[in-house]
Each structure stands twice: as C-alpha cells, then as structure tokens.
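Participant: What follows is a single structure, and I will ask about it in a moment.
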Amino acid sequence: MKRLVAALAFACIAARPAWAADPIRIVAAENFYGDIAAAVGGAHVSVSSILNNPDEDPHLFEASPSIARDLAAARIVVLNGADYDPWVAKLLSANSEADRATIVAADLVGKRAGDNPHLWYDPATMPAVASALAISLDAIDPANTVEYDNNLKRLDASLQQIADKVAVIRTRFGGVEVTATEPVFGYMAAALGLKMRNERFQLAVMNDTEPSARDTAAMEADLKGRKVKVFFYNNQVTDPLTERLLKIANAANVPVVGVSETQPAVKSFTAWMLTQLDATEKALAGSSS
C-alpha cells in the first residue's frame with residue numbers, strides 16, 4: 001500500500017500542469033458531475049470523468065497513476081465528497097496547486113463523512129454544483145462569462161424538470177411507505193415524501209457489513225406482508241442477499257425499482273433522473289391500484 005501511494009504521489013508531482021487557456025481541463029470524479037460540467041462549460045472546456053461505467057461497482061474503484069496524472073493536470077476538479085470518493089483528495093494533496101479550483105458537492109449542500117453520500121439524488125445538489133462551476137469558469141475565463149451564464153440558465157431550466165416531477169409525485173404519493181437494499185435513492189425518496197423503512201439494514205449494506213438477523217427478518221417481513229409499496233435496489237451491486245430479497249418482493253407482488261450510482265452513457269443527468277422518477281411513479285401507481 002505504501003508503495004502504491006508513493007507511486008501515485010510521484011505521478012502527481014511529475015504531471016504538474018502548465019495551464020492552457022482553452023479548452024479548460026475539468027476532471028470529475030463521477031460522470032454525473034462531468035455531465036453538469038460539460039453543460040456549463042460548453043465548447044470552452046474539456047471534461048473527463050473517472051467513474052463512468054454503470055456496469056461496475058463504484059465502491060470497488062482503485063485509483064491508478066494515470067488517474068493521478070489526469071487530476072494533476074486538471075484546472076477544475078469536481079467530486080462528491082462525504083467520504084464517497086476519498087481517493088480524490090488524497091491524490092490532489094500530493095500535487096496542490098493554488099490556481100486549481102476544487103468543487104466538492106458535499107460542501108455545497110452541508111454534508112460530511114457519515115452522512116448518506118449519494119448526494120446526486122438530492123434535487124438541491126446539482127443546481128448548487130452547476131452554480132459553483134459557473135462561478136469558477138467566470139473567474140478563470142472572464143472573456144466568456146456571458147456564455148457560461150447562459151449555459152447555466154439553460155441547465156437550470158433542464159434541472160427544473162426534475163423538481164417539477166418530484167412535486168407531482170409527492171402530491172400523489174407523499175407518505176407512502178417504501179424500502180430499499182441500501183440508501184442510494186434515499187435523498188430522492190425523502191424529496192418525494194416517501195417514508196423509508198429498514199434504514200438500519202440499508203446502512204449495514206452500504207457500509208459493507210452484514211445486516212443483523214433482526215434487521216434482515218424485518219426487511220423480509222415487510223416484503224412478504226406487503227407493508228411497503230415499492231422496493232428499491234442498487235442495480236449496480238447485486239449479491240446473494242439482494243437476489244433473495246428481489247425474489248421475495250416479486251413473489252409478494254411488491255413493485256421493484258432499480259436505481260444506479262453511475263449515469264448511463266446514453267443519457268443526460270436530467271434524462272437519467274426522469275427515467276428513474278417515471279419508474280418510481282409507475283411502481284407507486286401500480287401498488288395502489
């Protein structure tokens with residue numbers, strides 16, 4: 001481990017950047033933040049995202065020297081924070097640059113390590129990240145401030161579609177009880193006014209620990225007895241426990257909705273969120289019919 005850290009640190013130091021005026025290099029730890037950065041920056045930025053494969057478990061990611069070099073060369077870095085991507089801060093600390101802008105979503109919405117880190121499901125997060133990006137780009141490249149600000153307005157209008165959909169579902173289904181394998185969809189469920197059950201079970205799964213027998217029994221009883229109207233699960237992380245719970249939910253005719261931690265390559269952030277909200281609304285409507 002010490003040898004790996006040293007190699008990554010050396011890669012950072014070796015890649016100390018000479019900032020280019022255009023395009024502005026932005027590295028996002030997760031591809032949904034990269035999508036937002038591209039929307040705000042437009043033609044004046046070059047964006048790369050590190051976690052971008054929906055078929056991989058983000059929790060199993062390991063940084064490499066090439067990732068360290070990419071981060072070292074970035075003029076702007078965007079990350080989640082709240083201990084979701086701690087490897088970013090470690091790599092940046094090996095190559096501190098006074099002129100680099102680092103945008104941490106958790107800091108913008110008042111979250112920290114120990115809180116639910118799936119911040120992109122909170123409807124307040126992306127508008128805050130987009131605004132911070134526009135401010136950083138305005139400071140770096142004031143000649144194109146008008147363009148960045150116009151891009152931000154268009155993006156905010158797109159993100160408003162998510163807020164509007166949330167309001168519709170909340171009006172129809174606020175107060176309905178649901179459950180999940182882990183708290184990936186937690187912030188969105190709260191925004192929808194849904195009552196989330198089995199939160200201890202979810203935290204255990206998120207923290208990669210075995211849920212207690214009592215919590216597992218409570219989860220299974222909720223599904224078998226149809227005490228919950230929808231069962232959410234992380235479709236990027238499946239294991240024998242998740243598969244067993246999915247079978248129980250299906251046998252009990254509890255609607256199941258898969259949610260993911262990585263944005264699909266073929267969809268924008270707004271389209272991704274709306275797809276999952278549509279699936280949630282359909283499941284809630286089906287459970288109440």
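Quick note on naming: the chains in the structure tokens go A, B, ... in the order shown, residues restart at 1 in each chain, and ligands are numbered from 1 in order of appearance.
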Determine, counting only C-alpha atoms, which protein, DNA and RNA residues have an atom within 9 Å of an atom of stretch 129-142 of chain A; residues of the same chain fewer than 4 positions away are not included. Present the result as a VMD selection string.

Facilitator: chain A and resid 21 to 22 24 33 36 to 37 39 to 41 75 to 76 78 101 103 to 105 108 125 146 148 to 149 151 to 152 155 to 156

Participant: Hey, what does DSSP flag as helix (DSSP H, G or I) within stretch 35-284 of chain A? Can you give it to me as an NGL selection string?

Facilitator: :A and (35-44 or 58-60 or 65-72 or 86-93 or 105-108 or 119-121 or 125-140 or 142-173 or 183-191 or 199-206 or 213-224 or 240-251 or 269-284)

Participant: With C-alpha atoms retained, export the selected residues as a CSV table (one decimal), in the first residue's frame.

Facilitator:
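File part-v3.csv, as written:
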```csv
chain,number,residue,atom,x,y,z
A,35,ASP,CA,-22.2,15.9,-17.4
A,36,ILE,CA,-23.0,19.0,-15.5
A,37,ALA,CA,-19.5,20.5,-16.1
A,38,ALA,CA,-19.8,19.9,-19.8
A,39,ALA,CA,-23.3,21.6,-19.9
A,40,VAL,CA,-22.0,24.7,-18.1
A,41,GLY,CA,-18.6,24.9,-19.8
A,42,GLY,CA,-19.8,24.1,-23.4
A,43,ALA,CA,-17.2,24.5,-26.1
A,44,HIS,CA,-14.6,26.1,-23.8
A,58,PRO,CA,-18.1,2.4,-7.7
A,59,HIS,CA,-17.1,1.2,-4.2
A,60,LEU,CA,-14.6,-1.2,-5.7
A,65,PRO,CA,-1.1,6.5,-11.8
A,66,SER,CA,-2.9,7.6,-14.9
A,67,ILE,CA,-5.8,8.9,-12.8
A,68,ALA,CA,-3.4,10.8,-10.7
A,69,ARG,CA,-1.9,12.4,-13.8
A,70,ASP,CA,-5.3,13.4,-15.0
A,71,LEU,CA,-6.2,15.0,-11.7
A,72,ALA,CA,-2.9,16.8,-11.5
A,86,PRO,CA,-11.8,10.0,-0.7
A,87,TRP,CA,-9.1,8.9,-3.1
A,88,VAL,CA,-9.5,12.2,-5.0
A,89,ALA,CA,-8.5,14.4,-2.0
A,90,LYS,CA,-5.5,12.1,-1.3
A,91,LEU,CA,-4.2,12.4,-4.9
A,92,LEU,CA,-4.8,16.2,-5.0
A,93,SER,CA,-2.9,16.6,-1.7
A,105,ALA,CA,-20.7,18.7,-3.8
A,106,ALA,CA,-20.9,17.7,-0.1
A,107,ASP,CA,-19.5,21.1,1.0
A,108,LEU,CA,-22.1,22.9,-1.1
A,119,LEU,CA,-25.9,13.4,-2.9
A,120,TRP,CA,-26.8,13.5,-6.6
A,121,TYR,CA,-30.2,12.1,-5.7
A,125,THR,CA,-27.3,19.2,-5.3
A,126,MET,CA,-26.9,19.6,-9.0
A,127,PRO,CA,-28.1,23.3,-9.2
A,128,ALA,CA,-25.5,24.1,-6.4
A,129,VAL,CA,-22.8,22.2,-8.3
A,130,ALA,CA,-23.7,23.9,-11.6
A,131,SER,CA,-23.7,27.4,-10.0
A,132,ALA,CA,-20.2,26.7,-8.4
A,133,LEU,CA,-18.9,25.6,-11.8
A,134,ALA,CA,-20.2,28.8,-13.5
A,135,ILE,CA,-18.5,30.9,-10.8
A,136,SER,CA,-15.2,29.1,-11.2
A,137,LEU,CA,-15.3,29.3,-15.0
A,138,ASP,CA,-16.2,33.0,-14.9
A,139,ALA,CA,-13.1,33.6,-12.7
A,140,ILE,CA,-10.8,31.5,-14.9
A,142,PRO,CA,-13.9,36.1,-17.8
A,143,ALA,CA,-14.0,36.7,-21.6
A,144,ASN,CA,-16.7,34.0,-21.9
A,145,THR,CA,-18.7,34.9,-18.8
A,146,VAL,CA,-21.9,35.6,-20.8
A,147,GLU,CA,-21.7,32.2,-22.4
A,148,TYR,CA,-21.2,30.4,-19.1
A,149,ASP,CA,-24.0,32.2,-17.5
A,150,ASN,CA,-26.3,31.4,-20.4
A,151,ASN,CA,-25.3,27.8,-20.3
A,152,LEU,CA,-26.1,27.8,-16.6
A,153,LYS,CA,-29.6,29.2,-17.2
A,154,ARG,CA,-30.3,26.5,-19.8
A,155,LEU,CA,-29.1,23.8,-17.4
A,156,ASP,CA,-31.2,25.2,-14.6
A,157,ALA,CA,-34.2,25.1,-16.8
A,158,SER,CA,-33.4,21.4,-17.6
A,159,LEU,CA,-32.9,20.5,-13.9
A,160,GLN,CA,-36.3,22.2,-13.1
A,161,GLN,CA,-37.9,19.3,-14.9
A,162,ILE,CA,-36.7,17.1,-12.1
A,163,ALA,CA,-38.1,19.4,-9.4
A,164,ASP,CA,-41.4,19.6,-11.2
A,165,LYS,CA,-41.7,15.8,-11.5
A,166,VAL,CA,-40.7,15.4,-7.8
A,167,ALA,CA,-43.6,17.8,-6.9
A,168,VAL,CA,-46.1,15.8,-8.9
A,169,ILE,CA,-45.1,12.5,-7.3
A,170,ARG,CA,-45.0,14.0,-3.8
A,171,THR,CA,-48.5,15.3,-4.2
A,172,ARG,CA,-49.8,11.9,-5.4
A,173,PHE,CA,-47.9,9.6,-3.1
A,183,PRO,CA,-29.8,4.3,0.7
A,184,VAL,CA,-28.8,5.1,-2.9
A,185,PHE,CA,-32.2,6.6,-3.6
A,186,GLY,CA,-32.6,8.0,0.0
A,187,TYR,CA,-32.5,11.7,-0.7
A,188,MET,CA,-34.8,11.4,-3.6
A,189,ALA,CA,-37.2,9.3,-1.6
A,190,ALA,CA,-37.3,12.0,1.1
A,191,ALA,CA,-37.9,14.7,-1.6
A,199,GLU,CA,-32.8,2.1,7.4
A,200,ARG,CA,-30.5,0.2,9.7
A,201,PHE,CA,-30.5,-2.7,7.2
A,202,GLN,CA,-29.6,-0.2,4.4
A,203,LEU,CA,-26.8,1.4,6.3
A,204,ALA,CA,-25.2,-2.0,7.0
A,205,VAL,CA,-25.3,-2.9,3.3
A,206,MET,CA,-23.9,0.5,2.3
A,213,ALA,CA,-30.6,-11.2,11.7
A,214,ARG,CA,-33.2,-9.0,13.3
A,215,ASP,CA,-33.0,-6.3,10.6
A,216,THR,CA,-33.0,-8.9,7.9
A,217,ALA,CA,-36.1,-10.5,9.3
A,218,ALA,CA,-37.8,-7.1,9.5
A,219,MET,CA,-37.0,-6.4,5.9
A,220,GLU,CA,-38.3,-9.8,4.7
A,221,ALA,CA,-41.4,-9.4,6.8
A,222,ASP,CA,-42.1,-6.0,5.2
A,223,LEU,CA,-41.8,-7.5,1.7
A,224,LYS,CA,-43.8,-10.7,2.4
A,240,PRO,CA,-27.0,-13.3,-2.8
A,241,LEU,CA,-28.8,-11.3,-0.2
A,242,THR,CA,-30.1,-8.8,-2.7
A,243,GLU,CA,-31.2,-11.6,-5.1
A,244,ARG,CA,-33.1,-13.3,-2.3
A,245,LEU,CA,-34.9,-10.1,-1.4
A,246,LEU,CA,-35.8,-9.5,-5.0
A,247,LYS,CA,-37.3,-13.0,-5.2
A,248,ILE,CA,-39.3,-12.3,-2.1
A,249,ALA,CA,-40.5,-8.9,-3.4
A,250,ASN,CA,-41.5,-10.5,-6.8
A,251,ALA,CA,-43.3,-13.4,-5.1
A,269,PHE,CA,-28.3,13.7,-15.9
A,270,THR,CA,-31.8,15.1,-16.3
A,271,ALA,CA,-32.9,12.3,-18.6
A,272,TRP,CA,-31.4,9.7,-16.2
A,273,MET,CA,-33.2,11.2,-13.2
A,274,LEU,CA,-36.5,11.5,-15.0
A,275,THR,CA,-36.3,7.9,-16.2
A,276,GLN,CA,-35.9,6.7,-12.6
A,277,LEU,CA,-38.7,9.0,-11.4
A,278,ASP,CA,-41.0,7.7,-14.1
A,279,ALA,CA,-40.3,4.2,-13.0
A,280,THR,CA,-40.9,5.2,-9.4
A,281,GLU,CA,-44.2,6.8,-10.2
A,282,LYS,CA,-45.4,3.8,-12.2
A,283,ALA,CA,-44.4,1.5,-9.4
A,284,LEU,CA,-46.3,3.6,-6.8
```

Participant: Within 7 Å of A:Pro255, counting only C-alpha atoms, which residues show up once you throw out same-chain ones fewer than 2 positions away? Write them as a CSV table (one decimal) with C-alpha atoms, in the first residue's frame, please.

Facilitator:
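around_20.csv, written as the output of this step:
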```csv
chain,number,residue,atom,x,y,z
A,229,LYS,CA,-45.4,-0.3,-1.6
A,230,VAL,CA,-42.1,-0.2,-3.6
A,231,PHE,CA,-38.8,-2.0,-3.1
A,253,ASN,CA,-46.1,-8.6,-5.9
A,257,VAL,CA,-37.4,-0.3,-9.0
A,283,ALA,CA,-44.4,1.5,-9.4
A,287,SER,CA,-49.0,-0.7,-5.9
```
